[in-house]
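A.B. asks: What follows is target.pdb; its format and atoms are PDB, N, CA and C atoms.
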ATOM      1  N   MET A 185    -133.763 107.515 -55.428
ATOM      2  CA  MET A 185    -132.578 106.798 -55.882
ATOM      3  C   MET A 185    -131.638 106.570 -54.689
ATOM      4  N   MET A 186    -131.162 105.361 -54.551
ATOM      5  CA  MET A 186    -130.253 105.030 -53.455
ATOM      6  C   MET A 186    -128.828 105.377 -53.841
ATOM      7  N   ASP A 187    -128.058 105.898 -52.888
ATOM      8  CA  ASP A 187    -126.652 106.140 -53.163
ATOM      9  C   ASP A 187    -125.860 104.858 -52.905
ATOM     10  N   THR A 188    -124.578 104.890 -53.258
ATOM     11  CA  THR A 188    -123.779 103.666 -53.144
ATOM     12  C   THR A 188    -123.650 103.195 -51.703
ATOM     13  N   GLY A 189    -123.572 104.115 -50.756
ATOM     14  CA  GLY A 189    -123.483 103.731 -49.350
ATOM     15  C   GLY A 189    -124.726 102.996 -48.887
ATOM     16  N   ASN A 190    -125.894 103.485 -49.276
ATOM     17  CA  ASN A 190    -127.144 102.816 -48.913
ATOM     18  C   ASN A 190    -127.268 101.465 -49.594
ATOM     19  N   ARG A 191    -126.814 101.392 -50.839
ATOM     20  CA  ARG A 191    -126.856 100.112 -51.563
ATOM     21  C   ARG A 191    -125.967  99.074 -50.874
ATOM     22  N   LEU A 192    -124.764  99.501 -50.487
ATOM     23  CA  LEU A 192    -123.853  98.579 -49.813
ATOM     24  C   LEU A 192    -124.413  98.168 -48.460
ATOM     25  N   SER A 193    -124.972  99.109 -47.729
ATOM     26  CA  SER A 193    -125.566  98.801 -46.426
ATOM     27  C   SER A 193    -126.712  97.803 -46.568
ATOM     28  N   SER A 194    -127.559  98.006 -47.554
ATOM     29  CA  SER A 194    -128.676  97.094 -47.795
ATOM     30  C   SER A 194    -128.168  95.701 -48.158
ATOM     31  N   PHE A 195    -127.126  95.644 -48.996
ATOM     32  CA  PHE A 195    -126.548  94.362 -49.371
ATOM     33  C   PHE A 195    -125.974  93.640 -48.161
ATOM     34  N   LEU A 196    -125.229  94.360 -47.336
ATOM     35  CA  LEU A 196    -124.619  93.740 -46.159
ATOM     36  C   LEU A 196    -125.671  93.215 -45.196
ATOM     37  N   LYS A 197    -126.758  93.938 -45.060
ATOM     38  CA  LYS A 197    -127.853  93.501 -44.189
ATOM     39  C   LYS A 197    -128.437  92.178 -44.695
ATOM     40  N   LEU A 198    -128.660  92.089 -45.989
ATOM     41  CA  LEU A 198    -129.196  90.859 -46.569
ATOM     42  C   LEU A 198    -128.172  89.727 -46.501
ATOM     43  N   ALA A 199    -126.931  90.034 -46.867
ATOM     44  CA  ALA A 199    -125.898  89.000 -46.922
ATOM     45  C   ALA A 199    -125.657  88.370 -45.562
ATOM     46  N   SER A 200    -125.800  89.157 -44.495
ATOM     47  CA  SER A 200    -125.570  88.607 -43.157
ATOM     48  C   SER A 200    -126.638  87.599 -42.755
ATOM     49  N   LYS A 201    -127.769  87.596 -43.449
ATOM     50  CA  LYS A 201    -128.863  86.681 -43.129
ATOM     51  C   LYS A 201    -128.927  85.465 -44.051
ATOM     52  N   HIS A 202    -128.064  85.417 -45.050
ATOM     53  CA  HIS A 202    -128.077  84.321 -46.017
ATOM     54  C   HIS A 202    -126.752  83.590 -46.010
ATOM     55  N   LYS A 203    -126.819  82.294 -45.897
ATOM     56  CA  LYS A 203    -125.600  81.491 -45.934
ATOM     57  C   LYS A 203    -125.022  81.404 -47.339
ATOM     58  N   ARG A 204    -125.825  81.723 -48.355
ATOM     59  CA  ARG A 204    -125.353  81.593 -49.734
ATOM     60  C   ARG A 204    -124.405  82.710 -50.137
ATOM     61  N   PHE A 205    -124.386  83.818 -49.392
ATOM     62  CA  PHE A 205    -123.499  84.929 -49.724
ATOM     63  C   PHE A 205    -122.171  84.770 -49.000
ATOM     64  N   HIS A 206    -121.097  84.874 -49.770
ATOM     65  CA  HIS A 206    -119.748  84.687 -49.246
ATOM     66  C   HIS A 206    -118.900  85.909 -49.555
ATOM     67  N   GLN A 207    -117.635  85.846 -49.222
ATOM     68  CA  GLN A 207    -116.712  86.948 -49.460
ATOM     69  C   GLN A 207    -116.684  87.340 -50.940
ATOM     70  N   SER A 208    -116.778  86.378 -51.816
ATOM     71  CA  SER A 208    -116.750  86.696 -53.247
ATOM     72  C   SER A 208    -117.939  87.573 -53.636
ATOM     73  N   HIS A 209    -119.097  87.350 -53.011
ATOM     74  CA  HIS A 209    -120.260  88.192 -53.284
ATOM     75  C   HIS A 209    -119.996  89.634 -52.842
ATOM     76  N   LEU A 210    -119.454  89.791 -51.643
ATOM     77  CA  LEU A 210    -119.159  91.124 -51.128
ATOM     78  C   LEU A 210    -118.144  91.835 -52.020
ATOM     79  N   SER A 211    -117.105  91.128 -52.411
ATOM     80  CA  SER A 211    -116.073  91.715 -53.270
ATOM     81  C   SER A 211    -116.649  92.135 -54.615
ATOM     82  N   LEU A 212    -117.451  91.272 -55.206
ATOM     83  CA  LEU A 212    -118.015  91.584 -56.519
ATOM     84  C   LEU A 212    -119.022  92.723 -56.428
ATOM     85  N   TYR A 213    -119.883  92.706 -55.428
ATOM     86  CA  TYR A 213    -120.864  93.792 -55.306
ATOM     87  C   TYR A 213    -120.169  95.124 -55.041
ATOM     88  N   SER A 214    -119.104  95.095 -54.258
ATOM     89  CA  SER A 214    -118.331  96.313 -54.018
ATOM     90  C   SER A 214    -117.708  96.824 -55.315
ATOM     91  N   ALA A 215    -117.186  95.924 -56.133
ATOM     92  CA  ALA A 215    -116.603  96.316 -57.424
ATOM     93  C   ALA A 215    -117.674  96.895 -58.347
ATOM     94  N   ILE A 216    -118.872  96.299 -58.328
ATOM     95  CA  ILE A 216    -119.982  96.818 -59.130
ATOM     96  C   ILE A 216    -120.327  98.235 -58.678
ATOM     97  N   LEU A 217    -120.409  98.445 -57.374
ATOM     98  CA  LEU A 217    -120.725  99.776 -56.857
ATOM     99  C   LEU A 217    -119.622 100.786 -57.185
ATOM    100  N   MET A 218    -118.376 100.360 -57.162
ATOM    101  CA  MET A 218    -117.278 101.242 -57.518
ATOM    102  C   MET A 218    -117.411 101.696 -58.976
ATOM    103  N   CYS A 219    -117.712 100.754 -59.859
ATOM    104  CA  CYS A 219    -117.869 101.093 -61.274
ATOM    105  C   CYS A 219    -119.109 101.954 -61.504
ATOM    106  N   TYR A 220    -120.151 101.696 -60.757
ATOM    107  CA  TYR A 220    -121.372 102.501 -60.820
ATOM    108  C   TYR A 220    -121.055 103.948 -60.425
ATOM    109  N   ALA A 221    -120.314 104.129 -59.361
ATOM    110  CA  ALA A 221    -119.954 105.472 -58.901
ATOM    111  C   ALA A 221    -119.022 106.161 -59.900
ATOM    112  N   GLN A 222    -118.083 105.416 -60.478
ATOM    113  CA  GLN A 222    -117.170 105.988 -61.467
ATOM    114  C   GLN A 222    -117.923 106.460 -62.704
ATOM    115  N   GLY A 223    -119.039 105.808 -63.006
ATOM    116  CA  GLY A 223    -119.865 106.184 -64.146
ATOM    117  C   GLY A 223    -120.892 107.236 -63.798
ATOM    118  N   LEU A 224    -120.652 107.967 -62.721
ATOM    119  CA  LEU A 224    -121.531 109.054 -62.262
ATOM    120  C   LEU A 224    -122.933 108.549 -61.915
ATOM    121  N   CYS A 225    -122.990 107.327 -61.426
ATOM    122  CA  CYS A 225    -124.234 106.711 -60.946
ATOM    123  C   CYS A 225    -125.322 106.666 -62.018
ATOM    124  N   GLN A 226    -124.915 106.456 -63.254
ATOM    125  CA  GLN A 226    -125.867 106.268 -64.350
ATOM    126  C   GLN A 226    -126.384 104.837 -64.287
ATOM    127  N   ASN A 227    -127.679 104.679 -64.453
ATOM    128  CA  ASN A 227    -128.299 103.366 -64.362
ATOM    129  C   ASN A 227    -129.226 103.190 -65.552
ATOM    130  N   PRO A 228    -129.092 102.187 -66.386
ATOM    131  CA  PRO A 228    -128.091 101.106 -66.340
ATOM    132  C   PRO A 228    -126.728 101.602 -66.822
ATOM    133  N   PHE A 229    -125.731 100.743 -66.608
ATOM    134  CA  PHE A 229    -124.382 101.068 -67.057
ATOM    135  C   PHE A 229    -123.739  99.809 -67.613
ATOM    136  N   ARG A 230    -122.682 100.004 -68.372
ATOM    137  CA  ARG A 230    -121.974  98.875 -68.976
ATOM    138  C   ARG A 230    -120.634  98.688 -68.285
ATOM    139  N   ILE A 231    -120.273  97.424 -68.131
ATOM    140  CA  ILE A 231    -119.020  97.094 -67.461
ATOM    141  C   ILE A 231    -118.511  95.763 -68.007
ATOM    142  N   SER A 232    -117.213  95.625 -68.075
ATOM    143  CA  SER A 232    -116.653  94.364 -68.579
ATOM    144  C   SER A 232    -116.468  93.378 -67.428
ATOM    145  N   ARG A 233    -116.664  92.130 -67.759
ATOM    146  CA  ARG A 233    -116.458  91.063 -66.773
ATOM    147  C   ARG A 233    -115.024  91.080 -66.270
ATOM    148  N   SER A 234    -114.074  91.290 -67.168
ATOM    149  CA  SER A 234    -112.664  91.266 -66.757
ATOM    150  C   SER A 234    -112.360  92.376 -65.756
ATOM    151  N   LYS A 235    -112.947  93.550 -65.941
ATOM    152  CA  LYS A 235    -112.730  94.652 -65.002
ATOM    153  C   LYS A 235    -113.332  94.323 -63.639
ATOM    154  N   LEU A 236    -114.555  93.782 -63.637
ATOM    155  CA  LEU A 236    -115.184  93.406 -62.365
ATOM    156  C   LEU A 236    -114.395  92.313 -61.658
ATOM    157  N   MET A 237    -113.933  91.325 -62.420
ATOM    158  CA  MET A 237    -113.168  90.241 -61.816
ATOM    159  C   MET A 237    -111.851  90.766 -61.251
ATOM    160  N   LYS A 238    -111.212  91.684 -61.962
ATOM    161  CA  LYS A 238    -109.954  92.258 -61.480
ATOM    162  C   LYS A 238    -110.173  93.016 -60.173
ATOM    163  N   HIS A 239    -111.177  93.890 -60.149
ATOM    164  CA  HIS A 239    -111.411  94.722 -58.964
ATOM    165  C   HIS A 239    -111.942  93.924 -57.772
ATOM    166  N   SER A 240    -112.569  92.792 -58.036
ATOM    167  CA  SER A 240    -113.110  91.983 -56.938
ATOM    168  C   SER A 240    -112.172  90.844 -56.547
ATOM    169  N   ALA A 241    -111.070  90.699 -57.256
ATOM    170  CA  ALA A 241    -110.099  89.624 -57.009
ATOM    171  C   ALA A 241    -110.726  88.240 -57.147
ATOM    172  N   ILE A 242    -111.675  88.129 -58.069
ATOM    173  CA  ILE A 242    -112.267  86.826 -58.393
ATOM    174  C   ILE A 242    -111.526  86.302 -59.613
ATOM    175  N   HIS A 243    -111.026  85.078 -59.528
ATOM    176  CA  HIS A 243    -110.236  84.507 -60.607
ATOM    177  C   HIS A 243    -110.977  83.422 -61.376
ATOM    178  N   SER A 244    -112.113  83.005 -60.881
ATOM    179  CA  SER A 244    -112.868  81.917 -61.490
ATOM    180  C   SER A 244    -114.113  82.453 -62.200
ATOM    181  N   PHE A 245    -114.257  82.096 -63.486
ATOM    182  CA  PHE A 245    -115.459  82.485 -64.230
ATOM    183  C   PHE A 245    -116.710  81.912 -63.563
ATOM    184  N   ALA A 246    -116.591  80.688 -63.056
ATOM    185  CA  ALA A 246    -117.745  80.045 -62.419
ATOM    186  C   ALA A 246    -118.183  80.826 -61.180
ATOM    187  N   THR A 247    -117.236  81.266 -60.373
ATOM    188  CA  THR A 247    -117.567  82.053 -59.179
ATOM    189  C   THR A 247    -118.217  83.371 -59.583
ATOM    190  N   TYR A 248    -117.663  84.035 -60.584
ATOM    191  CA  TYR A 248    -118.221  85.301 -61.072
ATOM    192  C   TYR A 248    -119.681  85.108 -61.495
ATOM    193  N   HIS A 249    -119.924  84.099 -62.335
ATOM    194  CA  HIS A 249    -121.278  83.884 -62.848
ATOM    195  C   HIS A 249    -122.245  83.423 -61.762
ATOM    196  N   LYS A 250    -121.764  82.662 -60.788
ATOM    197  CA  LYS A 250    -122.622  82.258 -59.681
ATOM    198  C   LYS A 250    -123.037  83.484 -58.865
ATOM    199  N   CYS A 251    -122.086  84.339 -58.564
ATOM    200  CA  CYS A 251    -122.400  85.547 -57.794
ATOM    201  C   CYS A 251    -123.377  86.442 -58.551
ATOM    202  N   MET A 252    -123.140  86.643 -59.835
ATOM    203  CA  MET A 252    -124.046  87.488 -60.621
ATOM    204  C   MET A 252    -125.445  86.871 -60.647
ATOM    205  N   GLY A 253    -125.524  85.572 -60.795
ATOM    206  CA  GLY A 253    -126.824  84.901 -60.773
ATOM    207  C   GLY A 253    -127.531  85.066 -59.441
ATOM    208  N   ASP A 254    -126.773  84.993 -58.347
ATOM    209  CA  ASP A 254    -127.348  85.199 -57.019
ATOM    210  C   ASP A 254    -127.864  86.626 -56.863
ATOM    211  N   PHE A 255    -127.115  87.596 -57.373
ATOM    212  CA  PHE A 255    -127.565  88.991 -57.297
ATOM    213  C   PHE A 255    -128.871  89.190 -58.055
ATOM    214  N   VAL A 256    -128.971  88.575 -59.221
ATOM    215  CA  VAL A 256    -130.197  88.691 -60.020
ATOM    216  C   VAL A 256    -131.355  88.014 -59.300
ATOM    217  N   SER A 257    -131.145  86.805 -58.805
ATOM    218  CA  SER A 257    -132.241  86.066 -58.161
ATOM    219  C   SER A 257    -132.687  86.714 -56.853
ATOM    220  N   GLU A 258    -131.795  87.436 -56.178
ATOM    221  CA  GLU A 258    -132.143  88.118 -54.931
ATOM    222  C   GLU A 258    -132.651  89.545 -55.157
ATOM    223  N   GLY A 259    -132.689  89.979 -56.420
ATOM    224  CA  GLY A 259    -133.260  91.283 -56.734
ATOM    225  C   GLY A 259    -132.340  92.472 -56.539
ATOM    226  N   PHE A 260    -131.029  92.237 -56.514
ATOM    227  CA  PHE A 260    -130.089  93.345 -56.379
ATOM    228  C   PHE A 260    -129.854  94.060 -57.699
ATOM    229  N   LEU A 261    -129.867  93.295 -58.786
ATOM    230  CA  LEU A 261    -129.575  93.895 -60.076
ATOM    231  C   LEU A 261    -130.124  93.053 -61.204
ATOM    232  N   ASP A 262    -130.220  93.693 -62.355
ATOM    233  CA  ASP A 262    -130.470  92.988 -63.610
ATOM    234  C   ASP A 262    -129.142  92.945 -64.338
ATOM    235  N   TYR A 263    -128.890  91.830 -65.007
ATOM    236  CA  TYR A 263    -127.606  91.624 -65.664
ATOM    237  C   TYR A 263    -127.854  91.063 -67.052
ATOM    238  N   GLU A 264    -127.377  91.781 -68.050
ATOM    239  CA  GLU A 264    -127.475  91.329 -69.432
ATOM    240  C   GLU A 264    -126.065  91.176 -69.971
ATOM    241  N   PRO A 265    -125.556  89.931 -70.014
ATOM    242  CA  PRO A 265    -124.185  89.736 -70.481
ATOM    243  C   PRO A 265    -124.033  90.141 -71.949
ATOM    244  N   SER A 266    -122.881  90.659 -72.258
ATOM    245  CA  SER A 266    -122.562  91.023 -73.631
ATOM    246  C   SER A 266    -121.584  89.994 -74.175
ATOM    247  N   TYR A 267    -121.816  89.584 -75.387
ATOM    248  CA  TYR A 267    -120.898  88.629 -76.001
ATOM    249  C   TYR A 267    -120.024  89.330 -77.032
ATOM    250  N   HIS A 268    -120.081  90.647 -77.036
ATOM    251  CA  HIS A 268    -119.266  91.457 -77.932
ATOM    252  C   HIS A 268    -117.945  91.757 -77.233
ATOM    253  N   PRO A 269    -116.821  91.590 -77.929
ATOM    254  CA  PRO A 269    -115.525  91.768 -77.260
ATOM    255  C   PRO A 269    -115.243  93.192 -76.766
ATOM    256  N   LYS A 270    -115.888  94.193 -77.346
ATOM    257  CA  LYS A 270    -115.618  95.579 -76.950
ATOM    258  C   LYS A 270    -116.761  96.226 -76.163
ATOM    259  N   LEU A 271    -117.918  95.600 -76.148
ATOM    260  CA  LEU A 271    -119.085  96.177 -75.483
ATOM    261  C   LEU A 271    -119.318  95.443 -74.169
ATOM    262  N   GLY A 272    -119.271  96.166 -73.074
ATOM    263  CA  GLY A 272    -119.440  95.547 -71.757
ATOM    264  C   GLY A 272    -120.856  95.068 -71.520
ATOM    265  N   SER A 273    -121.012  94.230 -70.525
ATOM    266  CA  SER A 273    -122.328  93.754 -70.114
ATOM    267  C   SER A 273    -123.103  94.899 -69.482
ATOM    268  N   GLN A 274    -124.422  94.834 -69.590
ATOM    269  CA  GLN A 274    -125.251  95.884 -69.003
ATOM    270  C   GLN A 274    -125.728  95.456 -67.626
ATOM    271  N   VAL A 275    -125.524  96.335 -66.662
ATOM    272  CA  VAL A 275    -125.950  96.104 -65.287
ATOM    273  C   VAL A 275    -126.916  97.220 -64.903
ATOM    274  N   THR A 276    -128.030  96.836 -64.304
ATOM    275  CA  THR A 276    -128.976  97.801 -63.758
ATOM    276  C   THR A 276    -129.116  97.507 -62.281
ATOM    277  N   LEU A 277    -128.720  98.441 -61.441
ATOM    278  CA  LEU A 277    -128.897  98.275 -60.004
ATOM    279  C   LEU A 277    -130.354  98.558 -59.664
ATOM    280  N   LEU A 278    -130.939  97.690 -58.863
ATOM    281  CA  LEU A 278    -132.339  97.817 -58.488
ATOM    282  C   LEU A 278    -132.445  98.436 -57.108
ATOM    283  N   ASN A 279    -133.466  99.250 -56.909
ATOM    284  CA  ASN A 279    -133.632  99.939 -55.634
ATOM    285  C   ASN A 279    -134.199  99.056 -54.547
ATOM    286  N   ASP A 280    -135.136  98.198 -54.885
ATOM    287  CA  ASP A 280    -135.849  97.417 -53.880
ATOM    288  C   ASP A 280    -135.159  96.075 -53.693
ATOM    289  N   ASN A 281    -133.974  96.088 -53.061
ATOM    290  CA  ASN A 281    -133.234  94.841 -52.925
ATOM    291  C   ASN A 281    -133.277  94.284 -51.515
ATOM    292  N   ASP A 282    -134.164  94.756 -50.664
ATOM    293  CA  ASP A 282    -134.247  94.155 -49.348
ATOM    294  C   ASP A 282    -135.512  93.310 -49.189
ATOM    295  N   ALA A 283    -136.128  92.960 -50.325
ATOM    296  CA  ALA A 283    -137.332  92.133 -50.280
ATOM    297  C   ALA A 283    -137.053  90.743 -49.725
ATOM    298  N   GLY A 284    -135.846  90.217 -50.014
ATOM    299  CA  GLY A 284    -135.507  88.877 -49.544
ATOM    300  C   GLY A 284    -134.772  88.858 -48.223
ATOM    301  N   ALA A 285    -134.753  89.949 -47.509
ATOM    302  CA  ALA A 285    -133.948  90.051 -46.296
ATOM    303  C   ALA A 285    -134.412  89.130 -45.170
ATOM    304  N   ASP A 286    -135.643  88.653 -45.234
ATOM    305  CA  ASP A 286    -136.129  87.789 -44.170
ATOM    306  C   ASP A 286    -135.899  86.311 -44.446
ATOM    307  N   GLY A 287    -135.455  85.968 -45.675
ATOM    308  CA  GLY A 287    -135.330  84.573 -46.080
ATOM    309  C   GLY A 287    -134.142  83.981 -45.662
TER
END
Could you show the structure in this file as structure tokens?

C.D. replies:
Amino acid sequence: MMDTGNRLSSFLKLASKHKRFHQSHLSLYSAILMCYAQGLCQNPFRISRSKLMKHSAIHSFATYHKCMGDFVSEGFLDYEPSYHPKLGSQVTLLNDNDAGADG
């Protein structure tokens, strides 16, 4: 199991090689890792979009969803959005997220 520091390091390594990753990606992934750590590193975990957007300083729903889609397509996490007002979306952090590091 990777700790949050290793996960962030792996993300930064990949992000530096891809033009598609921007500051919003870094902010959102950092917020995801913060919530993961607060939840005692339980995987999967539930989190609200509003909490992630607040902690990452993302104000646009479109930016949030684009970043989450990029994380899923690059193999960083699985994301199952919740449409229930009180039940957060489920996020599963994946261990093997450096598969796309050469692309």

A.B. asks: Evaluate the PyMOL selection byres (((chain A and resi 223-228 and name CA) around 9) and name CA) here and jot the selected residues down as a PyMOL selection string.

C.D. replies: chain A and resi 187-188+217-222+229-230+262+274-277

A.B. asks: Written as a list in words, what is the full residue list that the PyMOL selection byres ((chain A and resi 233-236) around 7) yields on the file shown?

C.D. replies: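 Applied to this file, the PyMOL selection byres ((chain A and resi 233-236) around 7) selects Leu212, Ala215, Ile216, Ile231, Ser232, Met237, Lys238, His239, Ser240, Ala241, Ile242, Gly272 and Ser273 of chain A.
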
A.B. asks: Could you state the separation of CA of Leu192 in chain A and CA of Phe255 in chain A in Å, given to one decimal place?

C.D. replies: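 Interatomic distance here is 12.7 Å.
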
A.B. asks: Provide the CA of Leu210 in chain A to CA of Phe245 in chain A distance in Å, to one decimal place.

C.D. replies: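 According to the coordinates, CA of Leu210 in chain A and CA of Phe245 in chain A are separated by 16.1 Å.
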
A.B. asks: Could you write out, as a list of chain:residue names, all the residues of chain A that DSSP marks as strand (DSSP E or B)?

C.D. replies: A:Phe229, A:Arg230, A:Ile231, A:Leu261, A:Asp262, A:Tyr263, A:Glu264, A:Ser273, A:Gln274, A:Val275, A:Thr276, A:Leu277

A.B. asks: Would you compute an axis-aligned box for range 247-261 of chain A, covering every atom listed for it in the file with 6 Å of margin on each side, and report centre and edge lengths in Å to one decimal as lines of an AutoDock Vina configuration file?

C.D. replies:
center_x = -125.2
center_y = 87.7
center_z = -58.9
size_x = 28.0
size_y = 24.8
size_z = 19.9

A.B. asks: Would you compute the distance between atom C of Tyr263 in chain A and atom C of Lys197 in chain A? Give it in Å to one decimal.

C.D. replies: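 That distance, rounded to one decimal, is 22.4 Å.
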
A.B. asks: Taking the DSSP secondary structure from the backbone, can you list the residues of range 206-273 of chain A that are alpha helix (DSSP H), as an MDAnalysis selection string?

C.D. replies: chainID A and resid 207:222 233:240 245:257

A.B. asks: Have range 239-255 of chain A completed to N, CA, C and O atoms, please, and pass it along as a short mmCIF file (atom, residue, chain, number, x, y, z; two decimals), keeping the file's coordinate frame.

C.D. replies:
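Resulting contents of part-v2.cif:
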data_model
loop_
_atom_site.label_atom_id
_atom_site.label_comp_id
_atom_site.auth_asym_id
_atom_site.auth_seq_id
_atom_site.Cartn_x
_atom_site.Cartn_y
_atom_site.Cartn_z
N HIS A 239 -111.18 93.89 -60.15
CA HIS A 239 -111.41 94.72 -58.96
C HIS A 239 -111.94 93.92 -57.77
O HIS A 239 -111.79 94.36 -56.63
N SER A 240 -112.57 92.79 -58.04
CA SER A 240 -113.11 91.98 -56.94
C SER A 240 -112.17 90.84 -56.55
O SER A 240 -112.47 90.10 -55.61
N ALA A 241 -111.07 90.70 -57.26
CA ALA A 241 -110.10 89.62 -57.01
C ALA A 241 -110.73 88.24 -57.15
O ALA A 241 -110.36 87.30 -56.44
N ILE A 242 -111.68 88.13 -58.07
CA ILE A 242 -112.27 86.83 -58.39
C ILE A 242 -111.53 86.30 -59.61
O ILE A 242 -111.43 86.99 -60.63
N HIS A 243 -111.03 85.08 -59.53
CA HIS A 243 -110.24 84.51 -60.61
C HIS A 243 -110.98 83.42 -61.38
O HIS A 243 -110.51 82.99 -62.42
N SER A 244 -112.11 83.00 -60.88
CA SER A 244 -112.87 81.92 -61.49
C SER A 244 -114.11 82.45 -62.20
O SER A 244 -114.92 83.16 -61.59
N PHE A 245 -114.26 82.10 -63.49
CA PHE A 245 -115.46 82.48 -64.23
C PHE A 245 -116.71 81.91 -63.56
O PHE A 245 -117.74 82.56 -63.50
N ALA A 246 -116.59 80.69 -63.06
CA ALA A 246 -117.74 80.04 -62.42
C ALA A 246 -118.18 80.83 -61.18
O ALA A 246 -119.39 81.02 -60.96
N THR A 247 -117.24 81.27 -60.37
CA THR A 247 -117.57 82.05 -59.18
C THR A 247 -118.22 83.37 -59.58
O THR A 247 -119.23 83.78 -59.01
N TYR A 248 -117.66 84.04 -60.58
CA TYR A 248 -118.22 85.30 -61.07
C TYR A 248 -119.68 85.11 -61.50
O TYR A 248 -120.56 85.85 -61.08
N HIS A 249 -119.92 84.10 -62.34
CA HIS A 249 -121.28 83.88 -62.85
C HIS A 249 -122.24 83.42 -61.76
O HIS A 249 -123.42 83.79 -61.78
N LYS A 250 -121.76 82.66 -60.79
CA LYS A 250 -122.62 82.26 -59.68
C LYS A 250 -123.04 83.48 -58.86
O LYS A 250 -124.21 83.65 -58.53
N CYS A 251 -122.09 84.34 -58.56
CA CYS A 251 -122.40 85.55 -57.79
C CYS A 251 -123.38 86.44 -58.55
O CYS A 251 -124.35 86.94 -57.97
N MET A 252 -123.14 86.64 -59.84
CA MET A 252 -124.05 87.49 -60.62
C MET A 252 -125.44 86.87 -60.65
O MET A 252 -126.45 87.59 -60.50
N GLY A 253 -125.52 85.57 -60.80
CA GLY A 253 -126.82 84.90 -60.77
C GLY A 253 -127.53 85.07 -59.44
O GLY A 253 -128.74 85.28 -59.38
N ASP A 254 -126.77 84.99 -58.35
CA ASP A 254 -127.35 85.20 -57.02
C ASP A 254 -127.86 86.63 -56.86
O ASP A 254 -128.93 86.85 -56.30
N PHE A 255 -127.12 87.60 -57.37
CA PHE A 255 -127.56 88.99 -57.30
C PHE A 255 -128.87 89.19 -58.06
O PHE A 255 -129.77 89.89 -57.58
#
